[in-house]
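Data block below; observations after.
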Amino acid sequence: MTRPSVCYDLNGQVLGISAERPELWQEFDRMLGILRIEDAVEPGFRLDIAETEILDETPDGSLVFDGEIPEDGYCRMIVDSSTIHLIFPERQTVAINDVEGWGQLRVRPGSKAAWTPSMLVLDAALDAGGQHMLHTAGLTLPDDDTVVLIHAPSGTGKSTTSLALATQGFGLCSDDAMILDVGSDRPMAWGLPRHAKIHENTARMIPEVAPCLGPSWDRNGEQAVSLERLSEIIRIESPVARPVAALLHLARSDRETRLVPMARTDAMVALAMDNVRTGMTGLLPSQKRRLATIGRLVSSVPTFTLEVGARPADAAALIIATLGKQD
């Protein structure tokens, strides 16, 4: 009997998922549903999902991580040659081989699904296609199909600044996760089409988003808002790869909003610290490739520090004027 399956087009790299029943790939479909392919295609990366009462929690290999992951709790990561194992005891395991292009996700029936394994699989599928997911926002310039990437550690105001720019004519690709491809002459990027997270503080600073919000907030003071809902008030860009115009490192400021050049070395360090994971045994091969991708990005596009004051929307005119001078 043929197992149910689904495929997603990740900018030319096809992720294929098979499972005992479609409900098991629901988390992927919530995030990637718009990228779903109906025609029969050959996947570049395959994931098999199954439910099982007994998880393999002691695979062979070297322990590279042992600790807590935000939101998902305790886990271990073990590396055995080219296979990476992530274990959430009594809940979930995932094994990924980025050389051979496959993954196996195992879930205990009735357990709370962890988010991290899904993102690890997506990372591996993208990596197999020469792309990497970066913790940055991305916006197209007004009347221009190029993308500005905005980087900042969580809690710095990346989503707030992104939404503020979107109210000023910029197009929102993503407020948090952009996929970078440096395989062509010019770095290209597209936004992961997942919900945006809007904080209570963001809602107060940008009242235009009020029609998209419900009455309740989660424990972090946030609401997840669909891109479809946001499209009622701002322009949401399709997940198509576009040329990168510049990389902006976001910083809070007590002064007025400014956009100043940033040394490429500093930009490289800031982006790498937030996007490249190290383990007990150093950098894994996939993380080395990610670091090399960041290096090619930083060496190819202008880099700036965006110091945002009390009015994030003021950054719009500065970005447009500054990048206009670069042409």
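Each chain of the structure tokens is named A, B, ... in the order shown, its residues numbered from 1; ligands are numbered from 1 in display order.
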
Item to check | DSSP-assigned strand (DSSP E or B) members of region 81-220 of chain A, reported as a PyMOL selection string | outcome: chain A and resi 83-88+92-97+102-107+131-134+136-140+147-151+171-174+178-181+188-191+196-199

Per residue of region 170-240 of chain A within 10 Å of region 28-39 of chain A, record the nearest atom pair and its distance in Å to one decimal, counting only C-alpha atoms, with rows in chain order and ascending residue number, as CSV.
```
residue,atom,partner,partner_atom,distance
A:Leu192,CA,A:Met31,CA,7.7
A:Pro193,CA,A:Met31,CA,6.2
A:Arg194,CA,A:Met31,CA,4.9
A:His195,CA,A:Met31,CA,7.7
A:Ser238,CA,A:Ile34,CA,9.3
A:Pro239,CA,A:Leu35,CA,8.2
```

Item to check | Test item, helix (DSSP H, G or I) assignment across region 28-198 of chain A, answer as a count of residues only | outcome: 30

Determine, counting only C-alpha atoms, which protein, DNA and RNA residues have an atom within 12 Å of an atom of region 40-50 of chain A; residues of the same chain fewer than 4 positions away are not included. Present the result as a short mmCIF file (atom, residue, chain, number, x, y, z; two decimals) with C-alpha atoms, in the first residue's frame.
```
data_model
loop_
_atom_site.label_atom_id
_atom_site.label_comp_id
_atom_site.auth_asym_id
_atom_site.auth_seq_id
_atom_site.Cartn_x
_atom_site.Cartn_y
_atom_site.Cartn_z
CA ARG A 3 1.84 5.82 1.91
CA PRO A 4 0.25 9.29 1.61
CA SER A 5 2.77 11.89 0.46
CA VAL A 6 3.14 15.59 -0.33
CA CYS A 7 5.81 17.78 -1.99
CA TYR A 8 6.81 21.42 -1.52
CA ASP A 9 8.84 23.58 -3.91
CA LEU A 10 11.55 25.44 -1.96
CA ASN A 11 12.75 27.73 -4.76
CA GLY A 12 13.68 24.80 -7.01
CA GLN A 13 14.58 22.36 -4.23
CA VAL A 14 11.72 19.88 -3.69
CA LEU A 15 10.97 18.59 -0.18
CA GLY A 16 8.97 15.35 -0.28
CA ILE A 17 7.17 14.04 2.82
CA SER A 18 5.55 10.64 3.29
CA ALA A 19 3.61 9.56 6.37
CA GLU A 20 1.10 7.03 7.63
CA ARG A 21 -1.58 9.71 7.36
CA PRO A 22 -1.66 13.36 6.19
CA GLU A 23 -2.25 14.72 9.70
CA LEU A 24 1.38 13.91 10.55
CA TRP A 25 2.73 16.53 8.15
CA GLN A 26 0.25 19.17 9.29
CA GLU A 27 2.93 21.39 10.86
CA PHE A 28 4.81 21.52 7.56
CA ARG A 36 2.73 22.73 -2.24
CA ILE A 54 9.12 3.07 21.20
CA LEU A 55 11.64 5.72 20.17
CA GLN A 92 10.02 12.83 19.33
CA THR A 93 13.18 11.92 17.48
CA VAL A 94 14.49 13.00 14.12
CA ALA A 95 17.40 11.59 12.13
CA ILE A 96 18.78 13.60 9.20
CA ASN A 97 21.40 12.68 6.63
CA ASP A 98 22.25 15.80 4.65
CA VAL A 99 24.67 13.91 2.36
CA GLU A 100 22.13 11.36 1.19
CA GLY A 101 19.21 13.80 1.39
CA TRP A 102 16.78 12.11 3.78
CA GLY A 103 15.19 12.49 7.19
CA GLN A 104 13.15 10.29 9.53
CA LEU A 105 10.79 11.86 12.06
CA ARG A 106 9.36 9.59 14.76
CA VAL A 107 6.60 10.72 17.12
CA ARG A 108 5.00 9.06 20.13
CA PRO A 109 1.19 9.01 19.79
CA PRO A 117 12.67 19.00 14.55
CA SER A 118 10.51 20.47 11.77
CA LEU A 120 15.89 21.14 11.45
CA VAL A 121 14.37 19.14 8.58
CA LEU A 122 13.59 22.31 6.65
CA ASP A 123 17.14 23.55 7.23
CA ALA A 124 18.55 20.27 5.91
CA ALA A 125 16.29 20.27 2.83
CA LEU A 126 17.31 23.84 2.00
CA ASP A 127 20.99 23.07 2.62
CA ALA A 128 20.77 20.11 0.23
CA GLY A 129 19.62 22.61 -2.41
CA GLY A 130 22.37 25.13 -1.69
#
```

Checklist entry - Of the candidates A:Ile234, A:Cys173, A:Leu284, A:Ala316, which shows the shortest atom-to-atom distance to Gly191 (chain A), using only C-alpha atoms? => result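 So, comparing all the options, the nearest one is A:Cys173.
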
Checklist entry - Residues at most 7 Å from Ala313 (chain A), counting only C-alpha atoms, excluding those fewer than 6 positions away in the same chain, as a ChimeraX atom specification? => result /A:164-165,168

For the selection just defined, write its residues with N, CA and C atoms to a file, as a PDB file, in the first residue's frame.
```
ATOM      1  N   ALA A 164       6.558  48.540  10.497  1.00  0.00           N
ATOM      2  CA  ALA A 164       6.563  50.001  10.310  1.00  0.00           C
ATOM      3  C   ALA A 164       6.958  50.352   8.878  1.00  0.00           C
ATOM      4  N   LEU A 165       7.975  49.670   8.347  1.00  0.00           N
ATOM      5  CA  LEU A 165       8.394  49.907   6.965  1.00  0.00           C
ATOM      6  C   LEU A 165       7.300  49.496   5.984  1.00  0.00           C
ATOM      7  N   GLN A 168       4.867  51.982   5.161  1.00  0.00           N
ATOM      8  CA  GLN A 168       5.416  53.099   4.384  1.00  0.00           C
ATOM      9  C   GLN A 168       5.701  52.687   2.934  1.00  0.00           C
TER      10      GLN A 168
END
```

Next on the checklist: When you look at Arg277 (chain A) with a cut-off of 12 Å (counting only C-alpha atoms), what residues show up, excluding the ones that are within fewer than 6 positions of it in the same chain? I need them as a PyMOL selection string.
Outcome noted: chain A and resi 64-65+120+134+271+283-291

Go ahead and write the residues just picked, N, CA, C and O atoms, as a tab-separated table (two decimals), in the first residue's frame.
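The result, stored in part-v8.tsv:
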```tsv
chain	number	residue	atom	x	y	z
A	64	VAL	N	26.73	16.20	20.79
A	64	VAL	CA	27.16	17.56	20.46
A	64	VAL	C	26.31	18.62	21.15
A	64	VAL	O	26.69	19.80	21.19
A	65	PHE	N	25.16	18.22	21.68
A	65	PHE	CA	24.32	19.17	22.44
A	65	PHE	C	23.51	18.41	23.46
A	65	PHE	O	22.99	17.32	23.18
A	120	LEU	N	14.62	21.81	11.78
A	120	LEU	CA	15.89	21.14	11.45
A	120	LEU	C	15.77	20.43	10.10
A	120	LEU	O	16.69	20.46	9.28
A	134	LEU	N	17.98	32.16	7.24
A	134	LEU	CA	18.60	33.12	8.15
A	134	LEU	C	17.55	33.79	9.02
A	134	LEU	O	16.43	34.07	8.57
A	271	LEU	N	25.80	38.65	12.16
A	271	LEU	CA	24.90	37.71	11.50
A	271	LEU	C	25.25	36.27	11.86
A	271	LEU	O	24.36	35.44	12.10
A	283	LEU	N	31.88	23.21	14.78
A	283	LEU	CA	30.88	23.43	13.74
A	283	LEU	C	30.62	22.16	12.96
A	283	LEU	O	31.54	21.50	12.49
A	284	LEU	N	29.33	21.82	12.79
A	284	LEU	CA	28.95	20.73	11.92
A	284	LEU	C	29.13	21.17	10.47
A	284	LEU	O	29.13	22.37	10.17
A	285	PRO	N	29.27	20.22	9.52
A	285	PRO	CA	29.46	20.60	8.11
A	285	PRO	C	28.38	21.54	7.58
A	285	PRO	O	28.68	22.48	6.85
A	286	SER	N	27.12	21.30	7.96
A	286	SER	CA	26.04	22.17	7.48
A	286	SER	C	26.21	23.60	8.00
A	286	SER	O	25.89	24.57	7.30
A	287	GLN	N	26.72	23.73	9.24
A	287	GLN	CA	26.93	25.06	9.81
A	287	GLN	C	28.12	25.77	9.16
A	287	GLN	O	28.13	26.98	9.01
A	288	LYS	N	29.12	24.99	8.74
A	288	LYS	CA	30.23	25.58	8.00
A	288	LYS	C	29.76	26.13	6.66
A	288	LYS	O	30.19	27.21	6.22
A	289	ARG	N	28.85	25.39	6.01
A	289	ARG	CA	28.30	25.87	4.74
A	289	ARG	C	27.46	27.12	4.96
A	289	ARG	O	27.48	28.05	4.15
A	290	ARG	N	26.72	27.16	6.05
A	290	ARG	CA	25.92	28.34	6.38
A	290	ARG	C	26.82	29.56	6.61
A	290	ARG	O	26.54	30.66	6.14
A	291	LEU	N	27.92	29.34	7.32
A	291	LEU	CA	28.87	30.42	7.58
A	291	LEU	C	29.47	30.94	6.28
A	291	LEU	O	29.62	32.15	6.08
```

Checklist entry - Quick one: distance from CA of Val240 (chain A) to CA of Ala189 (chain A) in Å, one decimal? => result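 Distance reported for this atom pair: 7.8 Å.
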
Pick out the residues sitting within 7 Å of Phe88 (chain A), and hand them over as a PDB file with C-alpha atoms, in the first residue's frame; count only C-alpha atoms, and ignore anything fewer than 2 positions along from it in its own chain.
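Saved to result.pdb:
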```
ATOM      1  CA  TYR A  74      15.098  19.333  26.914  1.00  0.00           C
ATOM      2  CA  CYS A  75      16.795  17.539  24.028  1.00  0.00           C
ATOM      3  CA  ARG A  76      20.031  15.878  22.950  1.00  0.00           C
ATOM      4  CA  LEU A  86      17.819  15.068  17.678  1.00  0.00           C
ATOM      5  CA  GLU A  90       9.566  10.157  25.253  1.00  0.00           C
ATOM      6  CA  ARG A  91       8.246  12.642  22.682  1.00  0.00           C
ATOM      7  CA  GLN A  92      10.022  12.827  19.332  1.00  0.00           C
ATOM      8  CA  THR A  93      13.185  11.919  17.484  1.00  0.00           C
TER       9      THR A  93
END
```

Next on the checklist: What does the structure give for the distance between CA of Asn275 (chain A) and CA of Ala246 (chain A), in Å to one decimal?
Outcome noted: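 Between these atoms lies a distance of 17.6 Å.
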
Item to check | Nearest-residue call for Ile319 (chain A), choices A:Val225, A:Val276, A:Leu248, A:Ile84, using only C-alpha atoms | outcome: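 Among A:Val225, A:Val276, A:Leu248, A:Ile84, it is A:Leu248 that comes nearest to Ile319 (chain A).
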
Item to check | Within 9 Å of Lys158 (chain A) using only C-alpha atoms, minus same-chain residues under 6 positions, as JSON, numbers by chain | outcome: {"A": [136, 137, 150, 151, 152, 175, 176, 250]}

Checklist entry - CA of Val148 (chain A) and CA of Leu323 (chain A) are how many Å apart? => result 9.7 Å

Checklist entry - So, counting only C-alpha atoms, which residue among A:Thr116, A:Thr58, A:Thr257, A:Thr140 is closest to Ala315 (chain A)? => result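 Under the stated criterion, the closest residue is A:Thr257.
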